[in-house]
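Engineer: This is query34.cif (mmCIF, C-alpha atoms).
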data_coords
loop_
_atom_site.group_PDB
_atom_site.id
_atom_site.type_symbol
_atom_site.label_atom_id
_atom_site.label_comp_id
_atom_site.auth_asym_id
_atom_site.auth_seq_id
_atom_site.Cartn_x
_atom_site.Cartn_y
_atom_site.Cartn_z
ATOM 1 C CA SER A 1 13.712 112.936 58.057
ATOM 2 C CA PHE A 2 16.831 114.863 58.469
ATOM 3 C CA ASN A 3 20.243 113.391 58.789
ATOM 4 C CA PHE A 4 22.588 115.351 60.894
ATOM 5 C CA LEU A 5 26.226 114.976 60.569
ATOM 6 C CA PRO A 6 28.166 115.886 63.610
ATOM 7 C CA LEU A 7 30.105 119.011 63.199
ATOM 8 C CA VAL A 8 33.536 118.879 64.784
ATOM 9 C CA LEU A 9 35.301 122.123 65.259
ATOM 10 C CA ARG A 10 39.002 121.876 65.636
ATOM 11 C CA SER A 11 41.124 124.555 66.961
ATOM 12 C CA GLU A 12 44.733 124.423 66.097
ATOM 13 C CA LEU A 13 46.709 123.360 69.139
ATOM 14 C CA PRO A 14 49.762 125.455 69.697
ATOM 15 C CA THR A 15 52.876 123.552 68.795
ATOM 16 C CA ALA A 16 55.221 123.007 71.652
ATOM 17 C CA THR A 17 58.383 124.950 71.356
ATOM 18 C CA PRO A 18 61.424 123.155 72.596
ATOM 19 C CA THR A 19 62.781 124.479 75.816
ATOM 20 C CA ALA A 20 66.412 124.528 76.704
ATOM 21 C CA THR A 21 67.359 121.762 79.045
ATOM 22 C CA ALA A 22 69.913 122.543 81.669
ATOM 23 C CA THR A 23 72.759 120.061 81.609
ATOM 24 C CA ALA A 24 74.941 119.588 84.593
ATOM 25 C CA THR A 25 78.622 119.189 83.963
ATOM 26 C CA ILE A 26 79.861 116.425 86.174
ATOM 27 C CA PRO A 27 83.535 116.880 86.870
ATOM 28 C CA ALA A 28 85.783 113.909 86.315
ATOM 29 C CA PRO A 29 86.960 112.331 89.534
ATOM 30 C CA THR A 30 90.155 113.885 90.731
ATOM 31 C CA VAL A 31 92.994 111.390 90.907
ATOM 32 C CA ALA A 32 95.979 112.340 92.976
ATOM 33 C CA PRO A 33 99.194 112.184 90.977
ATOM 34 C CA ALA A 34 101.910 109.729 91.866
ATOM 35 C CA ASN A 35 103.665 110.679 95.079
ATOM 36 C CA VAL A 36 106.768 108.518 95.542
ATOM 37 C CA GLN A 37 108.506 108.660 98.923
ATOM 38 C CA ILE A 38 111.170 106.868 100.910
ATOM 39 C CA THR A 39 109.296 105.629 103.988
ATOM 40 C CA LEU A 40 111.721 103.287 105.779
ATOM 41 C CA ILE A 41 115.422 102.437 105.841
ATOM 42 C CA VAL A 42 116.472 99.253 107.634
ATOM 43 C CA TYR A 43 120.185 99.956 108.052
ATOM 44 C CA ASN A 44 121.296 97.737 110.962
ATOM 45 C CA PRO A 45 119.145 94.595 110.926
ATOM 46 C CA ALA A 46 119.749 91.635 113.198
ATOM 47 C CA GLY A 47 122.386 89.362 111.700
ATOM 48 C CA ASP A 48 124.231 90.138 108.490
ATOM 49 C CA ASP A 49 123.660 93.733 107.334
ATOM 50 C CA VAL A 50 123.889 92.884 103.630
ATOM 51 C CA ALA A 51 121.220 90.179 103.938
ATOM 52 C CA GLY A 52 118.766 92.363 105.867
ATOM 53 C CA GLU A 53 119.283 95.940 104.659
ATOM 54 C CA TYR A 54 116.586 97.539 102.535
ATOM 55 C CA VAL A 55 114.882 100.807 101.732
ATOM 56 C CA ARG A 56 111.091 100.896 101.400
ATOM 57 C CA ILE A 57 109.724 103.224 98.743
ATOM 58 C CA GLU A 58 105.988 103.917 98.592
ATOM 59 C CA ASN A 59 103.708 105.525 96.049
ATOM 60 C CA LYS A 60 101.262 107.473 98.209
ATOM 61 C CA GLY A 61 99.558 108.975 95.164
ATOM 62 C CA GLY A 62 96.592 107.895 93.072
ATOM 63 C CA THR A 63 98.332 106.958 89.828
ATOM 64 C CA THR A 64 101.065 104.530 88.857
ATOM 65 C CA ALA A 65 104.615 105.888 88.910
ATOM 66 C CA VAL A 66 107.080 104.664 86.304
ATOM 67 C CA LEU A 67 110.416 104.381 88.139
ATOM 68 C CA THR A 68 112.423 103.045 85.211
ATOM 69 C CA GLY A 69 115.820 104.757 85.256
ATOM 70 C CA TRP A 70 115.291 106.447 88.640
ATOM 71 C CA THR A 71 118.142 106.162 91.130
ATOM 72 C CA LEU A 72 118.511 105.471 94.838
ATOM 73 C CA SER A 73 121.833 106.525 96.331
ATOM 74 C CA ASP A 74 123.564 107.009 99.667
ATOM 75 C CA SER A 75 125.801 109.763 101.046
ATOM 76 C CA ASP A 76 128.920 107.997 99.756
ATOM 77 C CA GLY A 77 127.668 108.153 96.178
ATOM 78 C CA ARG A 78 126.799 104.478 95.717
ATOM 79 C CA VAL A 79 123.947 104.355 93.207
ATOM 80 C CA TYR A 80 121.221 101.848 92.413
ATOM 81 C CA THR A 81 119.432 102.418 89.097
ATOM 82 C CA PHE A 82 115.884 101.114 88.828
ATOM 83 C CA PRO A 83 115.276 98.578 86.061
ATOM 84 C CA SER A 84 112.097 98.697 83.972
ATOM 85 C CA PHE A 85 109.676 99.112 86.877
ATOM 86 C CA SER A 86 106.299 100.667 87.683
ATOM 87 C CA LEU A 87 104.951 101.266 91.181
ATOM 88 C CA ALA A 88 101.166 101.156 91.412
ATOM 89 C CA ALA A 89 99.182 103.684 93.424
ATOM 90 C CA SER A 90 99.303 102.887 97.155
ATOM 91 C CA ALA A 91 101.943 100.197 96.586
ATOM 92 C CA SER A 92 105.455 99.871 97.985
ATOM 93 C CA VAL A 93 108.700 98.235 96.943
ATOM 94 C CA GLN A 94 111.679 97.227 99.030
ATOM 95 C CA VAL A 95 115.108 97.821 97.500
ATOM 96 C CA TRP A 96 117.377 95.240 99.118
ATOM 97 C CA THR A 97 121.154 95.616 99.336
ATOM 98 C CA LYS A 98 121.662 91.899 98.615
ATOM 99 C CA GLY A 99 121.196 90.116 95.319
ATOM 100 C CA GLY A 100 117.986 88.363 94.330
ATOM 101 C CA ALA A 101 115.302 88.057 91.676
ATOM 102 C CA ASN A 102 113.345 91.269 91.162
ATOM 103 C CA ASN A 103 109.550 91.170 91.442
ATOM 104 C CA ALA A 104 106.678 93.644 91.940
ATOM 105 C CA SER A 105 107.482 94.262 95.621
ATOM 106 C CA ASN A 106 111.220 93.536 95.914
ATOM 107 C CA LEU A 107 114.151 94.892 93.928
ATOM 108 C CA TYR A 108 117.768 93.891 94.533
ATOM 109 C CA TRP A 109 120.847 96.140 94.450
ATOM 110 C CA GLY A 110 123.093 93.082 94.201
ATOM 111 C CA ASP A 111 125.920 94.481 96.332
ATOM 112 C CA ALA A 112 128.202 92.255 98.411
ATOM 113 C CA LEU A 113 128.885 95.048 100.926
ATOM 114 C CA SER A 114 126.416 96.895 103.132
ATOM 115 C CA ILE A 115 125.237 100.222 101.681
ATOM 116 C CA TRP A 116 123.600 101.956 104.636
ATOM 117 C CA THR A 117 126.072 103.128 107.279
ATOM 118 C CA ASN A 118 124.990 102.143 110.781
ATOM 119 C CA THR A 119 126.122 105.436 112.352
ATOM 120 C CA GLY A 120 124.130 107.611 109.950
ATOM 121 C CA ASP A 121 123.465 108.121 106.267
ATOM 122 C CA THR A 122 121.075 109.715 103.787
ATOM 123 C CA ALA A 123 119.078 107.998 101.056
ATOM 124 C CA TYR A 124 118.376 110.042 97.923
ATOM 125 C CA LEU A 125 115.679 109.139 95.411
ATOM 126 C CA ARG A 126 116.039 110.857 92.053
ATOM 127 C CA ASN A 127 114.180 110.933 88.759
ATOM 128 C CA GLY A 128 116.900 111.901 86.318
ATOM 129 C CA GLY A 129 118.738 114.723 88.056
ATOM 130 C CA THR A 130 115.687 115.828 90.029
ATOM 131 C CA LEU A 131 115.603 114.969 93.727
ATOM 132 C CA VAL A 132 112.226 113.363 94.456
ATOM 133 C CA ASP A 133 112.779 112.529 98.129
ATOM 134 C CA SER A 134 115.498 111.972 100.712
ATOM 135 C CA CYS A 135 115.701 110.494 104.182
ATOM 136 C CA SER A 136 118.484 110.954 106.718
ATOM 137 C CA TYR A 137 119.172 109.130 109.961
ATOM 138 C CA THR A 138 121.820 109.405 112.657
ATOM 139 C CA GLY A 139 122.098 105.760 113.633
ATOM 140 C CA GLY A 140 122.016 104.153 117.024
ATOM 141 C CA GLY A 141 119.120 101.885 116.150
ATOM 142 C CA THR A 142 118.184 99.412 113.473
ATOM 143 C CA GLN A 143 115.916 101.387 111.180
ATOM 144 C CA ALA A 144 114.669 104.861 110.345
ATOM 145 C CA SER A 145 111.098 105.800 109.479
ATOM 146 C CA CYS A 146 110.922 108.637 107.027
#
Represent the structure from my file as structure tokens, please.

Structural biologist:
Amino acid sequence: SFNFLPLVLRSELPTATPTATATATIPAPTVAPANVQITLIVYNPAGDDVAGEYVRIENKGGTTAVLTGWTLSDSDGRVYTFPSFSLAASASVQVWTKGGANNASNLYWGDALSIWTNTGDTAYLRNGGTLVDSCSYTGGGTQASC
């Protein structure tokens, strides 16, 4: 009797060569820079002007703005200097003429006299010597949207 052993023929399989994989570059999301603007001046509120006067400043950008050392002034040269303060993206702060305790949405000039002239004035917002924004009004009402 014959014993047969199976004969297995192997052919060498070609080795796979690596292929280049295309990689997509995903751009980082674009974040709008800080965009700080004067948006409202309440210059002739009902009652005592000092108690009700304020300027609203908004950050319409996408990043926090550090306002430390910035100034807000009027046409007569009266100047408020911002304390250590940051304004988050899409946030606003009211700078009141009167005194008070500063917080994230209210800052206080601490003046005993009204700042904003009822017949017309201009608010100037500066970062160092650079004018960031201004808003003028001619009076005759109680507030000016900027």

Engineer: Choose the residue, out of A:Ala34, A:Leu131, A:Ala144, A:Ala123, that has the smallest atom-to-atom separation from Arg78 of chain A; count all atoms listed in the file.

Structural biologist: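 For Arg78 of chain A, the nearest of the given residues is A:Ala123.
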
Engineer: What residues come out when you apply the PyMOL selection byres ((chain A and resi 85-100) around 8) to this file, written as a PyMOL selection string?

Structural biologist: chain A and resi 34+50-68+82-84+101-102+104-115

Engineer: Quick one: distance from atom CA of Ser75 of chain A to atom CA of Thr122 of chain A in Å, one decimal?

Structural biologist: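 So the answer is 5.5 Å.
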
Engineer: Check the smallest atom-to-atom distance from each of A:Ile41, A:Ala32, A:Asp48, A:Tyr124 to Gly77 of chain A using only C-alpha atoms, then report the winner.

Structural biologist: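 The answer is A:Tyr124, which sits nearest to Gly77 of chain A.
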
Engineer: What does the structure give for the distance between atom CA of Cys135 of chain A and atom CA of Pro45 of chain A, in Å to one decimal?

Structural biologist: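 If I compute the distance from atom CA of Cys135 of chain A to atom CA of Pro45 of chain A, I get 17.6 Å.
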
Engineer: Could I see segment 79-113 of chain A restored to N, CA and C atoms, set down as a CSV table (one decimal), in the coordinates of the input?

Structural biologist:
chain,number,residue,atom,x,y,z
A,79,VAL,N,125.2,104.1,93.9
A,79,VAL,CA,123.9,104.4,93.2
A,79,VAL,C,123.3,103.1,92.7
A,80,TYR,N,122.0,102.9,93.0
A,80,TYR,CA,121.2,101.8,92.4
A,80,TYR,C,120.3,102.5,91.4
A,81,THR,N,120.3,101.9,90.2
A,81,THR,CA,119.4,102.4,89.1
A,81,THR,C,118.3,101.4,88.9
A,82,PHE,N,117.1,102.0,89.0
A,82,PHE,CA,115.9,101.1,88.8
A,82,PHE,C,115.8,100.5,87.4
A,83,PRO,N,115.5,99.2,87.4
A,83,PRO,CA,115.3,98.6,86.1
A,83,PRO,C,113.9,99.0,85.5
A,84,SER,N,113.4,98.4,84.5
A,84,SER,CA,112.1,98.7,84.0
A,84,SER,C,111.1,98.3,85.1
A,85,PHE,N,110.5,99.4,85.7
A,85,PHE,CA,109.7,99.1,86.9
A,85,PHE,C,108.6,100.2,87.0
A,86,SER,N,107.4,99.8,87.4
A,86,SER,CA,106.3,100.7,87.7
A,86,SER,C,105.8,100.4,89.1
A,87,LEU,N,105.5,101.4,89.8
A,87,LEU,CA,105.0,101.3,91.2
A,87,LEU,C,103.5,101.8,91.2
A,88,ALA,N,102.6,100.8,91.4
A,88,ALA,CA,101.2,101.2,91.4
A,88,ALA,C,100.8,102.1,92.5
A,89,ALA,N,99.7,102.8,92.4
A,89,ALA,CA,99.2,103.7,93.4
A,89,ALA,C,99.0,102.9,94.7
A,90,SER,N,99.4,103.5,95.8
A,90,SER,CA,99.3,102.9,97.2
A,90,SER,C,100.1,101.6,97.4
A,91,ALA,N,101.1,101.4,96.5
A,91,ALA,CA,101.9,100.2,96.6
A,91,ALA,C,103.3,100.6,97.1
A,92,SER,N,104.1,99.6,97.5
A,92,SER,CA,105.5,99.9,98.0
A,92,SER,C,106.4,98.8,97.4
A,93,VAL,N,107.7,99.2,97.4
A,93,VAL,CA,108.7,98.2,96.9
A,93,VAL,C,109.9,98.4,97.9
A,94,GLN,N,110.5,97.2,98.2
A,94,GLN,CA,111.7,97.2,99.0
A,94,GLN,C,112.9,97.0,98.1
A,95,VAL,N,113.9,97.9,98.3
A,95,VAL,CA,115.1,97.8,97.5
A,95,VAL,C,116.1,97.2,98.5
A,96,TRP,N,116.5,96.0,98.3
A,96,TRP,CA,117.4,95.2,99.1
A,96,TRP,C,118.8,95.5,98.7
A,97,THR,N,119.7,95.5,99.6
A,97,THR,CA,121.2,95.6,99.3
A,97,THR,C,121.6,94.3,98.6
A,98,LYS,N,121.2,93.2,99.1
A,98,LYS,CA,121.7,91.9,98.6
A,98,LYS,C,121.2,91.6,97.2
A,99,GLY,N,121.7,90.5,96.6
A,99,GLY,CA,121.2,90.1,95.3
A,99,GLY,C,119.9,89.3,95.4
A,100,GLY,N,119.2,89.2,94.4
A,100,GLY,CA,118.0,88.4,94.3
A,100,GLY,C,117.3,88.6,93.0
A,101,ALA,N,116.1,87.9,92.9
A,101,ALA,CA,115.3,88.1,91.7
A,101,ALA,C,114.2,89.1,91.9
A,102,ASN,N,114.3,90.2,91.1
A,102,ASN,CA,113.3,91.3,91.2
A,102,ASN,C,111.9,90.8,90.9
A,103,ASN,N,111.0,91.4,91.7
A,103,ASN,CA,109.6,91.2,91.4
A,103,ASN,C,108.8,92.5,91.8
A,104,ALA,N,107.5,92.4,91.8
A,104,ALA,CA,106.7,93.6,91.9
A,104,ALA,C,106.9,94.3,93.3
A,105,SER,N,107.3,93.6,94.3
A,105,SER,CA,107.5,94.3,95.6
A,105,SER,C,108.9,94.2,96.2
A,106,ASN,N,109.8,93.6,95.5
A,106,ASN,CA,111.2,93.5,95.9
A,106,ASN,C,112.2,93.7,94.7
A,107,LEU,N,113.1,94.7,94.9
A,107,LEU,CA,114.2,94.9,93.9
A,107,LEU,C,115.5,94.7,94.6
A,108,TYR,N,116.5,94.3,93.9
A,108,TYR,CA,117.8,93.9,94.5
A,108,TYR,C,118.9,94.7,93.9
A,109,TRP,N,119.7,95.3,94.8
A,109,TRP,CA,120.8,96.1,94.4
A,109,TRP,C,122.0,95.2,93.9
A,110,GLY,N,122.1,94.1,94.6
A,110,GLY,CA,123.1,93.1,94.2
A,110,GLY,C,124.5,93.4,94.7
A,111,ASP,N,124.6,94.1,95.8
A,111,ASP,CA,125.9,94.5,96.3
A,111,ASP,C,126.4,93.5,97.4
A,112,ALA,N,127.7,93.2,97.4
A,112,ALA,CA,128.2,92.3,98.4
A,112,ALA,C,128.6,92.9,99.7
A,113,LEU,N,128.6,94.3,99.7
A,113,LEU,CA,128.9,95.0,100.9
A,113,LEU,C,127.7,95.8,101.4
